[in-house]
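K.L.:
To be precise about what I am sending: the file is called run.tsv and holds TSV, C-alpha atoms.
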```tsv
chain	number	residue	atom	x	y	z
B	406	MET	CA	94.31	167.89	217.66
B	407	GLY	CA	92.05	168.61	220.59
B	408	ASP	CA	94.27	171.23	222.15
B	409	THR	CA	93.36	174.85	221.86
B	410	VAL	CA	96.60	176.71	221.80
B	411	GLU	CA	96.02	180.40	221.85
B	412	ASP	CA	98.38	181.88	219.42
B	413	ASN	CA	98.03	185.18	217.63
B	414	GLU	CA	101.36	184.75	215.91
B	415	ILE	CA	101.14	184.05	212.22
B	416	ASP	CA	103.35	181.40	210.71
B	417	ARG	CA	104.65	183.42	207.80
B	418	ILE	CA	107.65	181.28	206.97
B	419	SER	CA	105.45	178.36	205.96
B	420	GLU	CA	103.48	180.67	203.70
B	421	LEU	CA	106.51	181.80	201.71
B	422	PRO	CA	106.56	180.61	198.10
B	423	PRO	CA	108.17	177.13	197.96
B	424	PHE	CA	111.03	178.30	195.79
B	425	ILE	CA	112.02	180.83	198.46
B	426	VAL	CA	111.91	178.17	201.17
B	427	HIS	CA	114.03	176.00	198.88
B	428	GLN	CA	116.48	178.86	198.51
B	429	ILE	CA	116.63	179.07	202.31
B	430	MET	CA	117.29	175.32	202.40
B	431	SER	CA	120.10	175.69	199.90
B	432	HIS	CA	122.02	177.58	202.61
B	433	LEU	CA	121.62	174.70	205.07
B	434	LEU	CA	123.51	171.46	205.58
B	435	VAL	CA	121.90	168.29	204.25
B	436	LYS	CA	121.32	167.22	207.82
B	437	GLU	CA	119.58	170.47	208.71
B	438	VAL	CA	117.33	170.23	205.66
B	439	ALA	CA	116.29	166.72	206.68
B	440	GLN	CA	115.48	167.98	210.18
B	441	THR	CA	112.95	170.49	208.86
B	442	SER	CA	110.74	167.69	207.56
B	443	ILE	CA	109.26	167.01	210.99
B	444	LEU	CA	108.22	170.60	211.71
B	445	SER	CA	104.81	170.23	210.11
B	446	LYS	CA	103.09	168.60	207.15
B	447	ARG	CA	103.80	171.70	205.08
B	448	TRP	CA	107.51	171.42	205.87
B	449	GLN	CA	107.49	167.73	205.15
B	450	TYR	CA	106.25	168.63	201.67
B	451	LEU	CA	108.77	171.47	201.32
B	452	GLN	CA	111.63	169.18	202.30
B	453	ARG	CA	110.50	166.39	200.01
B	454	SER	CA	110.18	168.73	197.05
B	455	PHE	CA	113.60	170.32	197.58
B	456	PRO	CA	115.26	169.69	194.17
B	457	ILE	CA	118.84	169.56	195.38
B	458	PHE	CA	120.04	166.17	196.59
B	459	ASP	CA	123.40	165.92	198.23
B	460	PHE	CA	123.76	162.36	199.38
B	461	ASP	CA	127.47	162.87	199.55
B	462	GLU	CA	127.21	164.75	202.77
B	463	ALA	CA	124.40	162.54	204.03
B	464	TYR	CA	126.64	159.55	203.45
B	465	ARG	CA	129.11	160.94	205.94
B	466	TYR	CA	126.42	161.17	208.57
B	467	PHE	CA	125.31	157.63	207.92
B	468	MET	CA	128.81	156.35	208.34
B	469	GLU	CA	129.27	158.30	211.57
B	470	ILE	CA	126.39	156.49	213.21
B	471	SER	CA	127.46	153.70	215.50
B	472	CYS	CA	131.14	153.69	214.80
B	473	PRO	CA	132.39	150.12	215.06
B	474	ILE	CA	134.64	149.31	217.97
B	475	PHE	CA	135.66	145.81	217.09
B	476	PHE	CA	137.31	145.13	213.81
B	477	ARG	CA	135.46	141.86	213.43
B	478	SER	CA	132.14	143.58	213.20
B	479	LYS	CA	133.39	146.41	211.00
B	480	ARG	CA	132.40	144.90	207.71
B	481	GLY	CA	129.04	143.88	209.09
B	482	ARG	CA	128.36	147.38	210.42
B	483	LEU	CA	129.50	148.90	207.16
B	484	ARG	CA	127.14	146.64	205.28
B	485	ILE	CA	124.22	147.70	207.48
B	486	ASN	CA	125.08	151.39	207.20
B	487	ILE	CA	125.37	151.18	203.44
B	488	ARG	CA	122.07	149.37	203.21
B	489	ARG	CA	120.36	151.98	205.38
B	490	PHE	CA	121.88	154.72	203.26
B	491	ILE	CA	120.70	153.07	200.03
B	492	GLU	CA	117.18	152.71	201.41
B	493	TYR	CA	117.17	156.35	202.44
B	494	VAL	CA	118.35	157.60	199.05
B	495	ASN	CA	115.92	155.35	197.30
B	496	ALA	CA	112.93	156.51	199.32
B	497	SER	CA	113.88	160.19	199.00
B	498	LEU	CA	114.32	160.02	195.23
B	499	LEU	CA	111.12	158.07	194.63
B	500	ARG	CA	109.09	160.51	196.72
B	501	PHE	CA	110.56	163.48	194.89
B	502	CYS	CA	109.94	161.95	191.47
B	503	GLU	CA	106.29	161.33	192.30
B	504	LEU	CA	105.90	165.12	192.53
B	505	LYS	CA	107.02	165.50	188.90
B	506	PHE	CA	109.28	168.47	189.58
B	507	SER	CA	112.54	168.91	187.80
B	508	MET	CA	115.67	167.97	189.65
B	509	GLN	CA	118.36	170.60	190.04
B	510	LYS	CA	121.16	168.48	191.38
B	511	LEU	CA	121.94	164.93	192.39
B	512	ARG	CA	125.17	164.25	194.19
B	513	ILE	CA	125.94	160.80	195.45
B	514	LEU	CA	128.99	159.42	197.15
B	515	ILE	CA	128.74	155.77	197.97
B	516	SER	CA	131.02	152.92	198.96
B	517	LEU	CA	129.99	149.53	197.75
B	518	LEU	CA	130.99	146.16	199.05
B	519	ASP	CA	129.46	144.35	196.14
B	520	ILE	CA	129.03	146.08	192.80
B	521	LYS	CA	126.90	143.40	191.19
B	522	GLU	CA	124.42	143.51	194.02
B	523	SER	CA	124.08	147.29	194.07
B	524	SER	CA	124.52	148.35	190.47
B	525	CYS	CA	120.84	147.98	189.60
B	526	VAL	CA	119.97	150.42	192.39
B	527	LEU	CA	122.50	152.96	191.13
B	528	ASP	CA	121.19	152.47	187.58
B	529	LYS	CA	117.71	153.25	188.87
B	530	TRP	CA	118.87	156.47	190.55
B	531	ILE	CA	120.55	157.68	187.39
B	532	GLY	CA	117.42	156.77	185.45
B	533	LEU	CA	115.21	158.75	187.83
B	534	ALA	CA	117.52	161.77	187.70
B	535	THR	CA	117.61	161.66	183.92
B	536	GLU	CA	113.84	161.36	183.60
B	537	ASN	CA	113.39	164.31	185.93
B	538	GLY	CA	115.61	166.64	183.93
B	539	VAL	CA	118.59	166.72	186.25
B	540	LYS	CA	120.98	169.61	185.57
B	541	GLU	CA	123.93	168.63	187.74
B	542	LEU	CA	124.99	165.08	188.34
B	543	ASP	CA	127.86	164.10	190.58
B	544	PHE	CA	128.45	160.40	191.06
B	545	ASP	CA	131.29	159.05	193.15
B	546	VAL	CA	131.34	155.28	193.53
B	547	ARG	CA	133.99	153.69	195.73
B	548	THR	CA	134.58	150.01	195.84
B	549	LEU	CA	136.78	147.72	197.85
B	550	THR	CA	137.59	145.66	194.80
B	551	ASP	CA	139.25	146.55	191.52
B	552	SER	CA	136.11	146.44	189.44
B	553	ALA	CA	134.34	149.66	188.61
B	554	TYR	CA	130.64	150.42	188.32
B	555	THR	CA	129.48	150.67	184.71
B	556	LEU	CA	127.13	153.58	184.10
B	557	PRO	CA	123.81	152.73	182.45
B	558	GLY	CA	123.12	153.87	178.89
B	559	ILE	CA	120.17	155.97	180.05
B	560	ILE	CA	122.59	158.61	181.36
B	561	PHE	CA	123.26	159.66	177.75
B	562	SER	CA	119.68	160.82	177.34
B	563	ALA	CA	120.05	163.52	180.00
B	564	LYS	CA	119.31	166.41	177.66
B	565	LEU	CA	119.24	169.12	180.34
B	566	LEU	CA	122.42	168.04	182.07
B	567	THR	CA	124.94	170.90	182.24
B	568	THR	CA	127.48	169.53	184.70
B	569	LEU	CA	128.59	165.93	184.96
B	570	LYS	CA	131.14	164.76	187.50
B	571	LEU	CA	132.06	161.11	187.69
B	572	ALA	CA	134.45	159.19	189.88
B	573	GLY	CA	135.10	155.48	190.12
B	574	CYS	CA	132.89	154.56	187.18
B	575	LYS	CA	133.17	153.04	183.76
B	576	LEU	CA	131.79	155.06	180.87
B	577	GLU	CA	131.04	152.65	178.06
B	578	GLN	CA	130.05	153.55	174.56
B	579	PRO	CA	126.27	153.62	174.26
B	580	SER	CA	124.42	151.76	171.58
B	581	ASP	CA	122.32	154.87	171.08
B	582	THR	CA	123.54	158.42	170.37
B	583	ILE	CA	124.77	160.72	173.10
B	584	ARG	CA	122.15	163.33	173.86
B	585	PHE	CA	124.06	165.60	176.20
B	586	LEU	CA	122.62	168.65	174.47
B	587	SER	CA	123.35	171.03	177.35
B	588	LEU	CA	126.53	169.60	178.78
B	589	LYS	CA	129.05	172.33	179.55
B	590	SER	CA	131.35	170.75	182.06
B	591	LEU	CA	132.62	167.18	182.33
B	592	THR	CA	134.90	166.02	185.11
B	593	LEU	CA	136.26	162.50	185.21
B	594	ASN	CA	138.31	161.10	188.06
B	595	TYR	CA	139.29	157.43	188.19
B	596	VAL	CA	137.02	156.76	185.25
B	597	CYS	CA	137.51	154.05	182.67
B	598	ILE	CA	136.86	155.54	179.25
B	599	SER	CA	138.02	154.50	175.78
B	600	GLU	CA	139.58	156.75	173.17
B	601	VAL	CA	136.61	156.28	170.87
B	602	MET	CA	134.22	157.24	173.63
B	603	LEU	CA	136.21	160.36	174.51
B	604	GLN	CA	136.24	161.36	170.89
B	605	LYS	CA	132.52	160.80	170.63
B	606	ILE	CA	131.83	162.96	173.66
B	607	THR	CA	134.07	165.83	172.62
B	608	SER	CA	132.63	165.88	169.12
B	609	GLU	CA	128.97	165.31	169.97
B	610	CYS	CA	128.59	167.54	173.01
B	611	VAL	CA	128.50	170.83	171.19
B	612	LEU	CA	128.28	173.05	174.26
B	613	LEU	CA	131.12	171.44	176.18
B	614	GLU	CA	133.38	174.15	177.58
B	615	GLU	CA	135.38	172.30	180.16
B	616	LEU	CA	136.79	168.81	180.23
B	617	SER	CA	138.80	167.73	183.21
B	618	MET	CA	140.36	164.29	183.56
B	619	SER	CA	142.53	162.81	186.23
B	620	ASN	CA	143.61	159.26	186.98
B	621	CYS	CA	141.57	157.91	184.10
B	622	TRP	CA	142.38	154.77	182.22
B	623	GLY	CA	141.31	152.99	179.05
B	624	ALA	CA	142.64	155.60	176.63
B	625	LYS	CA	146.24	156.12	175.61
B	626	ARG	CA	145.74	159.28	173.67
B	627	VAL	CA	143.15	161.98	173.59
B	628	HIS	CA	142.22	163.54	170.31
B	629	VAL	CA	140.11	166.55	170.85
B	630	PHE	CA	138.69	167.86	167.67
B	631	GLU	CA	135.49	169.40	166.43
B	632	ALA	CA	135.06	170.78	169.94
B	633	TRP	CA	135.11	174.47	169.20
B	634	MET	CA	134.05	175.69	172.60
B	635	LEU	CA	136.45	173.51	174.52
B	636	VAL	CA	138.69	175.90	176.38
B	637	GLU	CA	140.28	174.19	179.28
B	638	ILE	CA	141.76	170.83	180.15
B	639	PRO	CA	143.14	171.56	183.61
B	640	HIS	CA	144.25	168.22	185.01
B	641	MET	CA	144.85	166.08	182.01
B	642	LYS	CA	146.51	163.02	183.38
B	643	LEU	CA	145.98	159.65	181.79
B	644	LYS	CA	146.85	156.43	183.46
B	645	LYS	CA	148.15	153.85	181.05
B	646	MET	CA	146.66	150.41	180.99
A	995	MET	CA	95.85	227.97	198.03
A	996	SER	CA	97.78	224.82	198.60
A	997	THR	CA	98.37	223.73	195.03
A	998	ALA	CA	102.06	224.51	195.14
A	999	ALA	CA	102.63	222.03	197.97
A	1000	THR	CA	100.97	219.10	196.21
A	1001	ALA	CA	102.33	219.81	192.75
A	1002	ASP	CA	105.57	218.02	193.51
A	1003	ALA	CA	104.07	214.75	194.66
A	1004	SER	CA	101.58	214.50	191.83
A	1005	SER	CA	104.05	215.26	189.09
A	1006	SER	CA	104.74	212.66	186.46
A	1007	GLY	CA	107.12	209.83	187.27
A	1008	ASP	CA	109.20	210.64	184.26
A	1009	THR	CA	111.30	213.36	185.80
A	1010	THR	CA	115.00	213.88	185.44
A	1011	GLU	CA	117.67	215.02	187.82
A	1012	GLY	CA	120.60	216.23	185.78
A	1013	SER	CA	120.90	213.58	183.12
A	1014	VAL	CA	119.62	210.77	185.35
A	1015	ARG	CA	116.01	209.79	184.94
A	1016	LEU	CA	113.96	209.44	188.10
A	1017	LEU	CA	111.31	206.81	188.58
A	1018	THR	CA	108.37	207.18	190.94
A	1019	LEU	CA	107.51	204.17	193.05
A	1020	GLN	CA	104.41	203.96	195.19
A	1021	SER	CA	104.14	201.53	198.06
A	1022	GLU	CA	101.02	199.61	198.93
A	1023	ASP	CA	100.19	202.08	201.72
A	1024	GLY	CA	100.55	205.08	199.41
A	1025	GLU	CA	104.05	206.30	200.17
A	1026	VAL	CA	105.77	207.76	197.13
A	1027	PHE	CA	109.50	207.47	196.47
A	1028	GLU	CA	111.58	209.01	193.73
A	1029	VAL	CA	114.46	206.78	192.78
A	1030	LYS	CA	117.17	207.10	190.15
A	1031	GLU	CA	116.47	204.75	187.27
A	1032	THR	CA	120.05	203.45	187.34
A	1033	ILE	CA	119.50	202.31	190.92
A	1034	ALA	CA	115.96	200.97	190.67
A	1035	THR	CA	116.85	198.77	187.72
A	1036	GLN	CA	118.65	196.48	190.16
A	1037	SER	CA	115.13	195.12	190.31
A	1038	VAL	CA	114.68	192.81	187.35
A	1039	THR	CA	110.96	193.58	187.42
A	1040	ILE	CA	111.51	197.35	187.16
A	1041	LYS	CA	114.24	196.88	184.58
A	1042	GLY	CA	111.74	194.98	182.44
A	1043	MET	CA	109.26	197.85	182.79
A	1044	VAL	CA	111.90	200.41	181.82
A	1045	ASP	CA	112.97	198.33	178.83
A	1046	ASP	CA	109.37	198.00	177.72
A	1047	ASP	CA	108.79	201.74	178.23
A	1048	CYS	CA	106.20	201.06	180.92
A	1049	ALA	CA	107.92	203.04	183.65
A	1050	THR	CA	106.80	206.49	182.57
A	1051	SER	CA	104.12	206.96	185.21
A	1052	THR	CA	104.04	206.03	188.90
A	1053	ILE	CA	104.97	202.39	189.43
A	1054	PRO	CA	102.78	200.72	192.05
A	1055	VAL	CA	104.72	198.31	194.23
A	1056	CYS	CA	101.95	196.04	195.47
A	1057	ASN	CA	102.25	194.10	198.70
A	1058	VAL	CA	105.21	196.17	199.84
A	1059	THR	CA	104.78	198.79	202.56
A	1060	GLY	CA	106.52	202.14	202.56
A	1061	ARG	CA	108.69	201.06	205.45
A	1062	THR	CA	109.93	197.99	203.56
A	1063	LEU	CA	110.32	199.88	200.31
A	1064	ALA	CA	112.53	202.40	202.10
A	1065	MET	CA	114.77	199.52	203.21
A	1066	VAL	CA	114.85	198.16	199.67
A	1067	ILE	CA	115.91	201.56	198.33
A	1068	GLU	CA	118.62	201.73	200.98
A	1069	TRP	CA	119.81	198.34	199.72
A	1070	TRP	CA	119.87	199.60	196.15
A	1071	ASN	CA	121.80	202.72	197.12
A	1072	LYS	CA	124.49	200.69	198.85
A	1073	HIS	CA	124.69	198.23	195.98
A	1074	GLU	CA	125.03	200.83	193.29
A	1075	ILE	CA	128.35	200.45	191.54
A	1076	GLY	CA	130.86	202.75	193.20
A	1077	ALA	CA	128.67	203.46	196.26
A	1078	VAL	CA	130.88	201.50	198.61
A	1079	SER	CA	134.63	201.49	198.23
A	1080	ASN	CA	135.25	197.86	199.06
A	1081	GLU	CA	133.60	194.48	199.42
A	1082	LYS	CA	134.37	194.30	203.15
A	1083	GLU	CA	132.55	197.50	203.88
A	1084	LEU	CA	129.55	196.28	201.89
A	1085	LYS	CA	129.49	192.97	203.78
A	1086	GLU	CA	129.63	194.83	207.07
A	1087	TRP	CA	126.75	197.00	206.04
A	1088	GLU	CA	124.79	193.96	204.81
A	1089	SER	CA	125.16	192.28	208.21
A	1090	GLN	CA	122.27	194.37	209.52
A	1091	PHE	CA	120.08	192.51	207.04
A	1092	ASP	CA	121.53	189.06	207.42
A	1093	THR	CA	121.21	188.54	211.14
A	1094	ILE	CA	117.94	187.76	212.82
A	1095	ASP	CA	118.08	188.30	216.56
A	1096	ASP	CA	114.42	188.39	217.49
A	1097	LYS	CA	110.93	188.06	216.09
A	1098	SER	CA	110.83	191.67	214.98
A	1099	ASP	CA	114.00	191.17	212.88
A	1100	ARG	CA	112.42	188.01	211.59
A	1101	ASP	CA	109.30	189.86	210.42
A	1102	ASP	CA	111.41	192.52	208.71
A	1103	VAL	CA	113.25	189.79	206.82
A	1104	TYR	CA	109.93	188.24	205.74
A	1105	ASP	CA	108.83	191.63	204.43
A	1106	LEU	CA	112.09	192.08	202.59
A	1107	LEU	CA	111.85	188.56	201.16
A	1108	MET	CA	108.41	189.27	199.75
A	1109	ALA	CA	109.63	192.59	198.32
A	1110	ALA	CA	112.77	190.97	196.88
A	1111	ASN	CA	110.57	188.32	195.33
A	1112	TYR	CA	108.03	190.75	193.87
A	1113	LEU	CA	110.64	193.16	192.57
A	1114	ASN	CA	113.01	190.33	191.64
A	1115	ILE	CA	116.21	191.51	193.33
A	1116	PRO	CA	118.52	188.46	193.37
A	1117	THR	CA	121.15	189.94	195.73
A	1118	LEU	CA	118.57	190.88	198.36
A	1119	LEU	CA	116.77	187.55	198.02
A	1120	ASP	CA	120.01	185.71	198.55
A	1121	CYS	CA	120.94	187.79	201.58
A	1122	CYS	CA	117.53	187.32	203.22
A	1123	THR	CA	117.25	183.59	202.53
A	1124	SER	CA	120.71	183.20	204.01
A	1125	ALA	CA	119.59	185.18	207.07
A	1126	VAL	CA	116.63	182.85	207.63
A	1127	ALA	CA	118.90	179.82	207.16
A	1128	GLU	CA	121.27	181.18	209.81
A	1129	ALA	CA	118.33	181.56	212.17
A	1130	ILE	CA	117.35	177.92	211.55
A	1131	LYS	CA	120.84	176.56	212.19
A	1132	GLY	CA	121.49	175.16	215.63
A	1133	LYS	CA	117.85	175.15	216.68
A	1134	SER	CA	116.06	172.01	217.80
A	1135	THR	CA	112.70	171.16	216.25
A	1136	ASP	CA	110.82	172.69	219.18
A	1137	GLU	CA	112.98	175.81	219.20
A	1138	MET	CA	112.36	176.23	215.49
A	1139	ARG	CA	108.62	175.86	215.94
A	1140	GLU	CA	108.68	178.41	218.71
A	1141	PHE	CA	110.80	180.97	216.89
A	1142	PHE	CA	109.01	180.74	213.56
A	1143	ASP	CA	105.54	180.15	215.04
A	1144	ILE	CA	105.14	176.89	213.17
A	1145	LYS	CA	102.37	174.72	214.51
A	1146	SER	CA	102.88	171.01	214.17
A	1147	ASP	CA	99.96	169.18	212.62
A	1148	PHE	CA	101.53	165.76	213.16
A	1149	ASP	CA	100.29	163.52	215.90
A	1150	GLU	CA	102.85	161.93	218.17
A	1151	LYS	CA	102.94	158.68	216.22
A	1152	GLU	CA	103.52	160.41	212.89
A	1153	GLU	CA	106.29	162.55	214.32
A	1154	ASP	CA	108.02	159.55	215.84
A	1155	ALA	CA	107.85	157.69	212.54
A	1156	LEU	CA	109.35	160.64	210.68
A	1157	ARG	CA	112.07	161.07	213.26
A	1158	LYS	CA	112.94	157.43	212.83
A	1159	GLU	CA	112.97	157.72	209.05
A	1160	ASN	CA	115.45	160.62	209.30
A	1161	GLN	CA	117.24	159.23	212.32
A	1162	TRP	CA	120.70	159.96	210.91
A	1163	ALA	CA	119.90	163.66	210.76
A	1164	PHE	CA	119.03	163.82	214.45
A	1165	GLU	CA	121.98	161.92	215.85
A	1166	ASN	CA	124.93	163.76	217.40
```
Using the file provided, produce a representation of the structure as structure tokens.

P.N.:
Amino acid sequence: MGDTVEDNEIDRISELPPFIVHQIMSHLLVKEVAQTSILSKRWQYLQRSFPIFDFDEAYRYFMEISCPIFFRSKRGRLRINIRRFIEYVNASLLRFCELKFSMQKLRILISLLDIKESSCVLDKWIGLATENGVKELDFDVRTLTDSAYTLPGIIFSAKLLTTLKLAGCKLEQPSDTIRFLSLKSLTLNYVCISEVMLQKITSECVLLEELSMSNCWGAKRVHVFEAWMLVEIPHMKLKKM
Amino acid sequence: MSTAATADASSSGDTTEGSVRLLTLQSEDGEVFEVKETIATQSVTIKGMVDDDCATSTIPVCNVTGRTLAMVIEWWNKHEIGAVSNEKELKEWESQFDTIDDKSDRDDVYDLLMAANYLNIPTLLDCCTSAVAEAIKGKSTDEMREFFDIKSDFDEKEEDALRKENQWAFEN
């Protein structure tokens, strides 16, 4: 504040249009993007307004911190790491949404010890992404138990969503109509989905070009009709229940 | 009488060389370049002008110096279909743009970024943003500030708080 640094050099990088800085950030690792936030207030803003969220990679870093040595404390450490990760994701998403920019991509990989406890947080994240016009959504939920996380109905109102990738979730039939007006690609892995629901998606998502399913359960047969653009079902593998 | 010497430079931008139309581009500092339309339309901005029939006279390229514009034209020439026989050769040639060794390289990349933005040249924009990203990688916060001349306007307390908030990103 008080220091008088003599510097004739001009900071041109900070003056670049934000979308160019964001394009620069898109070439960096999640970790490296987070590091830029402490460069200056301008960079803090640029980092917070970066519309691509990859909490999949960030999750790895969180889990790497303080690797447990004793088995007894493993679950406890895991619980703390997951909680810290959830808090971080939560804070980042809320700050971004305050800016009212549209979200390009949200990718989350998370392990949960207790689905009941955490599902409202995940619901909130999907709600925020949907409200902010997310285009790519990639949700991978891993649990230690057999139960799967049920996706909230609000996901079906993501009108701008073009790519949806789900793993370890349950996709239940919504009470409302499906409004995936832009959905082109749908990938389901370890997803519980009923025949009726599959039918609904393939017939109501008019732009759907690619449907990929592996290790899914809940449906014995797949009838794909009225889906004129549907061109590829690469890994069709249905697990019987 | 020196009219003959100047006639060439002041001629209309709508000239042709064989069957290829030439466009005249003028940099901010007054340098004039004649470029084949097929090459210059790698710029989405110029392509729009051509499509709208607005490229018949000299096209002013604001905020771009002659030196930078020359580099942009070199980029276009190399990226013209058929100019380079294979992808590997093109990548090798591009490497002069995508590595930043010192502050002078850095400033060239800034200039190219601004030109790529103004002229809307996606391939050049991507190459230059990737170059800056490479220069960021592996640098500590202080090294980054030094190299890019970024002045921190955080006080110590604020910086510590932020570092703590993003602790995971600074470990290992």

K.L.:
Out of A:Ala1163, A:His1073, A:Arg1157, A:Val1058, which residue has the shortest atom-to-atom distance to B:Glu462 when counting all atoms listed in the file?

P.N.:
A:Ala1163

K.L.:
Can you tell me which residues surround stretch 551-564 of chain B at a distance of at most 9 Å, considering all atoms listed in the file, apart from same-chain residues fewer than 5 positions away, and format the answer as a PyMOL selection string?

P.N.:
chain B and resi 520-521+524+527-529+531-532+534-540+546+573-588+596-597

K.L.:
Rank nothing, just name the residue among A:Asp1046, A:Asp1092, A:Glu1068, A:Asp1101 nearest to A:Val1029, using all atoms listed in the file.

P.N.:
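For A:Val1029, the nearest of the given residues is A:Glu1068.
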
K.L.:
Would you give me, as a list in words, the residues of chain A that come within 6 Å of chain B, using all atoms listed in the file?

P.N.:
Thr1123, Ser1124, Ala1127, Asp1143, Ile1144, Ser1146, Asp1147, Trp1162 and Ala1163 of chain A

K.L.:
Taking C-alpha atoms for each residue, export the selection above as a short mmCIF file (atom, residue, chain, number, x, y, z; two decimals), in the coordinates of the input.

P.N.:
```cif
data_model
loop_
_atom_site.label_atom_id
_atom_site.label_comp_id
_atom_site.auth_asym_id
_atom_site.auth_seq_id
_atom_site.Cartn_x
_atom_site.Cartn_y
_atom_site.Cartn_z
CA THR A 1123 117.25 183.59 202.53
CA SER A 1124 120.71 183.20 204.01
CA ALA A 1127 118.90 179.82 207.16
CA ASP A 1143 105.54 180.15 215.04
CA ILE A 1144 105.14 176.89 213.17
CA SER A 1146 102.88 171.01 214.17
CA ASP A 1147 99.96 169.18 212.62
CA TRP A 1162 120.70 159.96 210.91
CA ALA A 1163 119.90 163.66 210.76
#
```

K.L.:
Find the distance between atom CA of B:Lys589 and atom CA of B:Leu616 and write it in Å to one decimal.

P.N.:
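Separation between atom CA of B:Lys589 and atom CA of B:Leu616: 8.5 Å.
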
K.L.:
Could you work out how far atom CA of B:Asp519 lies from atom CA of B:Thr548, giving the answer in Å with one decimal?

P.N.:
7.6 Å

K.L.:
Put a box with edges along x, y and z around all the listed atoms of stretch 433-437 of chain B, pad it by 8 Å on each side, then give me its centre and sizes in Å, one decimal, as JSON.

P.N.:
```
{"center_x": 121.5, "center_y": 171.0, "center_z": 206.5, "size_x": 19.9, "size_y": 23.5, "size_z": 20.5}
```

K.L.:
From the list A:Ser1037, A:Ile1094, A:Asp1105, A:Glu1153, which residue is nearest A:Ala1129 when using all atoms listed in the file?

P.N.:
A:Ile1094

K.L.:
Please compute the atom CA of A:Cys1122-atom CA of A:Thr1039 distance, one decimal, in Å.

P.N.:
18.2 Å

K.L.:
Within 10 Å of A:Cys1056, counting all atoms listed in the file, which residues qualify if same-chain residues fewer than 5 places away don't, as a ChimeraX atom specification?

P.N.:
/A:1020-1024,1109,1112-1113

K.L.:
Using C-alpha atoms, can you export the residues from the last selection as a CSV table (one decimal), in the frame of the given file?

P.N.:
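Final output, saved to part-v1.csv:
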```csv
chain,number,residue,atom,x,y,z
A,1020,GLN,CA,104.4,204.0,195.2
A,1021,SER,CA,104.1,201.5,198.1
A,1022,GLU,CA,101.0,199.6,198.9
A,1023,ASP,CA,100.2,202.1,201.7
A,1024,GLY,CA,100.6,205.1,199.4
A,1109,ALA,CA,109.6,192.6,198.3
A,1112,TYR,CA,108.0,190.8,193.9
A,1113,LEU,CA,110.6,193.2,192.6
```

K.L.:
Between A:Leu1106, A:Lys1082, A:Ile1053, A:Lys1097, which is the closest to A:Trp1069 once you count only C-alpha atoms?

P.N.:
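When distances to A:Trp1069 are compared using only C-alpha atoms, the smallest one comes from A:Leu1106.
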
K.L.:
Check the smallest atom-to-atom distance from each of B:Thr567, B:Asn495, B:Ser590, B:Ser454 to B:Ile513 using all atoms listed in the file, then report the winner.

P.N.:
B:Asn495

K.L.:
Using all atoms listed in the file, pick whichever of A:Phe1164, A:Val1026, A:Asp1149, A:Leu1119 has the shortest atom-to-atom distance to A:Ser1134.

P.N.:
A:Phe1164
